[in-house]
Amino acid sequence: MNCNCNAELKRKLESELEKYADSGKGALIPILQKAQEIYGWLPADVLEYIGKKTGIKPAKITGVVTFYTQFRTKPAGKHLILLCQGTACHVNGSAEIESAIRGRLNVGEGEITEDGLFTYNNAACLGCCSLSPVMMVGDKTYGKLTRESTVKILDEYAGGAV
């Protein structure tokens, strides 16, 4: 693998791939999750390497990576923000929340803040309709958002309180 990463990361990936060696193609999602955990994102050369080691076709891997919003094919900031744009969230004000996020962080969708703390992305649905509008920061879900509560949450992350 020609990778722009250090040998330690490659050893960690090798170790994970060995754990799933007998699992067949059904282990692709856990393998991708572990690879992203190791690298922070899924570089193309890592995906190619996973394909070679598992025998899974590149098109299949790419299909899985691009289908699920949990996977990133670009580096991300320390905190990944996903804003739900599903119907319930849209009806309940996700546009206002998006405006608050963009205004507070000065980023567009898919961008990383200058300080490297945040990456902002929209998601088709986060499955929390009763809490709409909803966003996730990392693995934490925040619902019933207002412009003010959104800015407060982002400020807490920026200040290291979360």
# chains A, B, ... in the order shown; residues from 1 in each chain; ligands from 1
call {"tool": "residues_around", "arguments": {"residues": "Val134 of chain A", "least_positions_apart": "3", "cutoff": "8 Å", "atoms": "only C-alpha atoms", "output": "PyMOL selection string"}}
result
chain A and resi 83-84+89+94+126+128-129+131+141-145
call {"tool": "write_last_selection", "arguments": {"atoms": "N, CA and C atoms", "output": "PDB file, in the first residue's frame"}}
result
ATOM      1  N   LEU A  83     -26.021  17.759  10.222  1.00  0.00           N
ATOM      2  CA  LEU A  83     -27.321  18.398  10.409  1.00  0.00           C
ATOM      3  C   LEU A  83     -28.353  17.654   9.586  1.00  0.00           C
ATOM      4  N   CYS A  84     -29.409  17.208  10.240  1.00  0.00           N
ATOM      5  CA  CYS A  84     -30.468  16.481   9.555  1.00  0.00           C
ATOM      6  C   CYS A  84     -31.253  17.438   8.659  1.00  0.00           C
ATOM      7  N   CYS A  89     -37.257  17.594  10.096  1.00  0.00           N
ATOM      8  CA  CYS A  89     -36.301  18.642  10.464  1.00  0.00           C
ATOM      9  C   CYS A  89     -36.473  19.866   9.567  1.00  0.00           C
ATOM     10  N   SER A  94     -34.752  23.365  10.070  1.00  0.00           N
ATOM     11  CA  SER A  94     -33.338  23.031   9.860  1.00  0.00           C
ATOM     12  C   SER A  94     -32.605  24.110   9.066  1.00  0.00           C
ATOM     13  N   LEU A 126     -31.335  11.616  10.151  1.00  0.00           N
ATOM     14  CA  LEU A 126     -30.612  11.035  11.283  1.00  0.00           C
ATOM     15  C   LEU A 126     -31.505  10.118  12.109  1.00  0.00           C
ATOM     16  N   CYS A 128     -34.180  10.786  13.985  1.00  0.00           N
ATOM     17  CA  CYS A 128     -34.618  11.322  15.278  1.00  0.00           C
ATOM     18  C   CYS A 128     -35.750  12.324  15.067  1.00  0.00           C
ATOM     19  N   CYS A 129     -36.719  11.959  14.261  1.00  0.00           N
ATOM     20  CA  CYS A 129     -37.757  12.897  13.824  1.00  0.00           C
ATOM     21  C   CYS A 129     -38.494  13.570  14.986  1.00  0.00           C
ATOM     22  N   LEU A 131     -37.343  14.616  17.617  1.00  0.00           N
ATOM     23  CA  LEU A 131     -36.487  15.637  18.228  1.00  0.00           C
ATOM     24  C   LEU A 131     -36.170  16.788  17.279  1.00  0.00           C
ATOM     25  N   THR A 141     -26.133  13.408  19.984  1.00  0.00           N
ATOM     26  CA  THR A 141     -27.279  13.943  19.256  1.00  0.00           C
ATOM     27  C   THR A 141     -27.895  15.091  20.050  1.00  0.00           C
ATOM     28  N   TYR A 142     -28.215  16.166  19.344  1.00  0.00           N
ATOM     29  CA  TYR A 142     -28.840  17.339  19.943  1.00  0.00           C
ATOM     30  C   TYR A 142     -30.132  17.632  19.204  1.00  0.00           C
ATOM     31  N   GLY A 143     -31.239  17.714  19.949  1.00  0.00           N
ATOM     32  CA  GLY A 143     -32.530  17.914  19.320  1.00  0.00           C
ATOM     33  C   GLY A 143     -33.253  19.140  19.829  1.00  0.00           C
ATOM     34  N   LYS A 144     -34.404  19.390  19.198  1.00  0.00           N
ATOM     35  CA  LYS A 144     -35.238  20.558  19.516  1.00  0.00           C
ATOM     36  C   LYS A 144     -34.399  21.836  19.447  1.00  0.00           C
ATOM     37  N   LEU A 145     -33.552  21.898  18.430  1.00  0.00           N
ATOM     38  CA  LEU A 145     -32.599  23.002  18.321  1.00  0.00           C
ATOM     39  C   LEU A 145     -33.255  24.320  17.949  1.00  0.00           C
TER      40      LEU A 145
END
call {"tool": "residues_around", "arguments": {"residues": "Leu105 of chain A", "least_positions_apart": "4", "cutoff": "8 Å", "atoms": "only C-alpha atoms", "output": "number ranges by chain"}}
result
A: 101, 113, 118
call {"tool": "select_by_dssp", "arguments": {"residues": "chain A", "states": "alpha helix (DSSP H)", "output": "ChimeraX atom specification"}}
result
/A:7-19,28-39,44-54,58-67,87-91,94-105,147-158
call {"tool": "select_by_dssp", "arguments": {"residues": "segment 5-162 of chain A", "states": "strand (DSSP E)", "output": "PyMOL selection string"}}
result
chain A and resi 79-84+118-123+135-137+140-142
call {"tool": "closest_residue", "arguments": {"among": "A:Lys12, A:Arg102, A:Lys53, A:Lys152", "to": "Lys34 of chain A", "atoms": "only C-alpha atoms"}}
result
A:Lys12
call {"tool": "closest_residue", "arguments": {"among": "A:Gly138, A:Gly160, A:Gly93, A:Gly26", "to": "Gly55 of chain A", "atoms": "only C-alpha atoms"}}
result
A:Gly26
call {"tool": "decode", "arguments": {"residues": "segment 25-156 of chain A", "atoms": "C-alpha atoms", "output": "tab-separated table (two decimals), in the first residue's frame"}}
result
chain	number	residue	atom	x	y	z
A	25	LYS	CA	-17.73	-9.90	2.72
A	26	GLY	CA	-20.25	-9.37	5.52
A	27	ALA	CA	-17.56	-7.66	7.58
A	28	LEU	CA	-17.06	-4.74	5.20
A	29	ILE	CA	-18.86	-2.14	7.31
A	30	PRO	CA	-17.01	-2.97	10.55
A	31	ILE	CA	-13.73	-3.02	8.62
A	32	LEU	CA	-14.47	0.42	7.15
A	33	GLN	CA	-15.49	1.73	10.57
A	34	LYS	CA	-12.21	0.53	12.09
A	35	ALA	CA	-10.19	1.93	9.18
A	36	GLN	CA	-11.87	5.31	9.60
A	37	GLU	CA	-11.25	5.17	13.34
A	38	ILE	CA	-7.55	4.55	12.65
A	39	TYR	CA	-7.04	7.15	9.90
A	40	GLY	CA	-9.75	9.66	10.79
A	41	TRP	CA	-11.17	9.25	7.26
A	42	LEU	CA	-11.01	6.77	4.38
A	43	PRO	CA	-8.26	7.67	1.89
A	44	ALA	CA	-8.55	6.07	-1.56
A	45	ASP	CA	-5.36	4.05	-1.09
A	46	VAL	CA	-6.72	2.59	2.16
A	47	LEU	CA	-9.94	1.57	0.40
A	48	GLU	CA	-7.91	-0.02	-2.38
A	49	TYR	CA	-5.83	-1.90	0.16
A	50	ILE	CA	-8.94	-3.15	1.99
A	51	GLY	CA	-10.28	-4.40	-1.35
A	52	LYS	CA	-7.09	-6.30	-2.12
A	53	LYS	CA	-6.94	-7.86	1.33
A	54	THR	CA	-10.62	-8.84	1.46
A	55	GLY	CA	-11.27	-9.65	-2.18
A	56	ILE	CA	-14.14	-7.17	-2.26
A	57	LYS	CA	-14.48	-5.28	-5.55
A	58	PRO	CA	-13.63	-1.56	-5.46
A	59	ALA	CA	-17.11	-0.64	-6.78
A	60	LYS	CA	-18.75	-2.46	-3.86
A	61	ILE	CA	-16.52	-0.70	-1.33
A	62	THR	CA	-17.13	2.69	-2.93
A	63	GLY	CA	-20.87	2.02	-2.96
A	64	VAL	CA	-20.90	1.29	0.76
A	65	VAL	CA	-18.68	4.27	1.62
A	66	THR	CA	-20.76	6.73	-0.39
A	67	PHE	CA	-24.13	5.34	0.78
A	68	TYR	CA	-23.57	5.68	4.54
A	69	THR	CA	-23.10	9.18	5.95
A	70	GLN	CA	-20.89	7.85	8.73
A	71	PHE	CA	-18.02	7.36	6.27
A	72	ARG	CA	-15.74	10.20	5.16
A	73	THR	CA	-13.58	10.24	2.05
A	74	LYS	CA	-11.96	13.54	3.00
A	75	PRO	CA	-10.16	14.55	6.18
A	76	ALA	CA	-12.46	16.00	8.80
A	77	GLY	CA	-12.11	18.43	11.65
A	78	LYS	CA	-11.88	17.23	15.22
A	79	HIS	CA	-15.67	17.47	15.58
A	80	LEU	CA	-17.91	16.28	12.76
A	81	ILE	CA	-21.29	18.02	12.63
A	82	LEU	CA	-24.16	16.34	10.81
A	83	LEU	CA	-27.32	18.40	10.41
A	84	CYS	CA	-30.47	16.48	9.56
A	85	GLN	CA	-32.30	17.73	6.47
A	86	GLY	CA	-35.09	15.17	6.56
A	87	THR	CA	-38.72	16.20	6.18
A	88	ALA	CA	-39.48	16.64	9.89
A	89	CYS	CA	-36.30	18.64	10.46
A	90	HIS	CA	-36.91	20.74	7.37
A	91	VAL	CA	-40.46	21.56	8.45
A	92	ASN	CA	-39.28	22.38	11.98
A	93	GLY	CA	-36.52	24.79	10.99
A	94	SER	CA	-33.34	23.03	9.86
A	95	ALA	CA	-32.68	25.94	7.48
A	96	GLU	CA	-32.43	28.28	10.49
A	97	ILE	CA	-30.09	25.83	12.23
A	98	GLU	CA	-27.95	25.55	9.11
A	99	SER	CA	-27.72	29.34	8.97
A	100	ALA	CA	-26.60	29.41	12.62
A	101	ILE	CA	-23.93	26.75	12.03
A	102	ARG	CA	-22.59	28.41	8.89
A	103	GLY	CA	-22.61	31.82	10.55
A	104	ARG	CA	-20.91	30.70	13.75
A	105	LEU	CA	-18.27	28.55	12.03
A	106	ASN	CA	-17.88	30.44	8.76
A	107	VAL	CA	-17.96	27.23	6.70
A	108	GLY	CA	-20.00	25.72	3.94
A	109	GLU	CA	-21.15	22.14	3.72
A	110	GLY	CA	-18.25	19.67	3.58
A	111	GLU	CA	-15.73	22.26	4.75
A	112	ILE	CA	-13.35	22.27	7.69
A	113	THR	CA	-13.04	25.34	9.88
A	114	GLU	CA	-9.74	27.21	9.66
A	115	ASP	CA	-8.77	26.02	13.15
A	116	GLY	CA	-9.45	22.39	12.19
A	117	LEU	CA	-12.01	21.93	14.96
A	118	PHE	CA	-15.17	21.36	12.91
A	119	THR	CA	-16.39	19.81	9.70
A	120	TYR	CA	-19.98	20.55	8.75
A	121	ASN	CA	-22.17	18.23	6.63
A	122	ASN	CA	-25.85	17.80	5.95
A	123	ALA	CA	-27.47	14.38	6.31
A	124	ALA	CA	-30.61	13.15	4.56
A	125	CYS	CA	-32.01	11.78	7.83
A	126	LEU	CA	-30.61	11.04	11.28
A	127	GLY	CA	-33.67	9.04	12.38
A	128	CYS	CA	-34.62	11.32	15.28
A	129	CYS	CA	-37.76	12.90	13.82
A	130	SER	CA	-39.43	13.43	17.20
A	131	LEU	CA	-36.49	15.64	18.23
A	132	SER	CA	-36.44	17.76	15.08
A	133	PRO	CA	-34.55	19.81	14.16
A	134	VAL	CA	-31.58	17.61	15.02
A	135	MET	CA	-27.81	17.66	14.62
A	136	MET	CA	-25.07	15.33	15.71
A	137	VAL	CA	-21.65	16.43	16.85
A	138	GLY	CA	-19.47	13.35	16.83
A	139	ASP	CA	-21.62	10.66	18.43
A	140	LYS	CA	-23.82	13.03	20.47
A	141	THR	CA	-27.28	13.94	19.26
A	142	TYR	CA	-28.84	17.34	19.94
A	143	GLY	CA	-32.53	17.91	19.32
A	144	LYS	CA	-35.24	20.56	19.52
A	145	LEU	CA	-32.60	23.00	18.32
A	146	THR	CA	-32.97	26.74	18.07
A	147	ARG	CA	-30.49	29.20	16.60
A	148	GLU	CA	-29.42	30.14	20.13
A	149	SER	CA	-29.03	26.58	21.43
A	150	THR	CA	-27.06	25.61	18.33
A	151	VAL	CA	-24.57	28.45	18.77
A	152	LYS	CA	-24.25	27.61	22.48
A	153	ILE	CA	-23.48	23.95	21.70
A	154	LEU	CA	-20.85	24.93	19.11
A	155	ASP	CA	-19.29	27.39	21.54
A	156	GLU	CA	-19.00	24.63	24.17
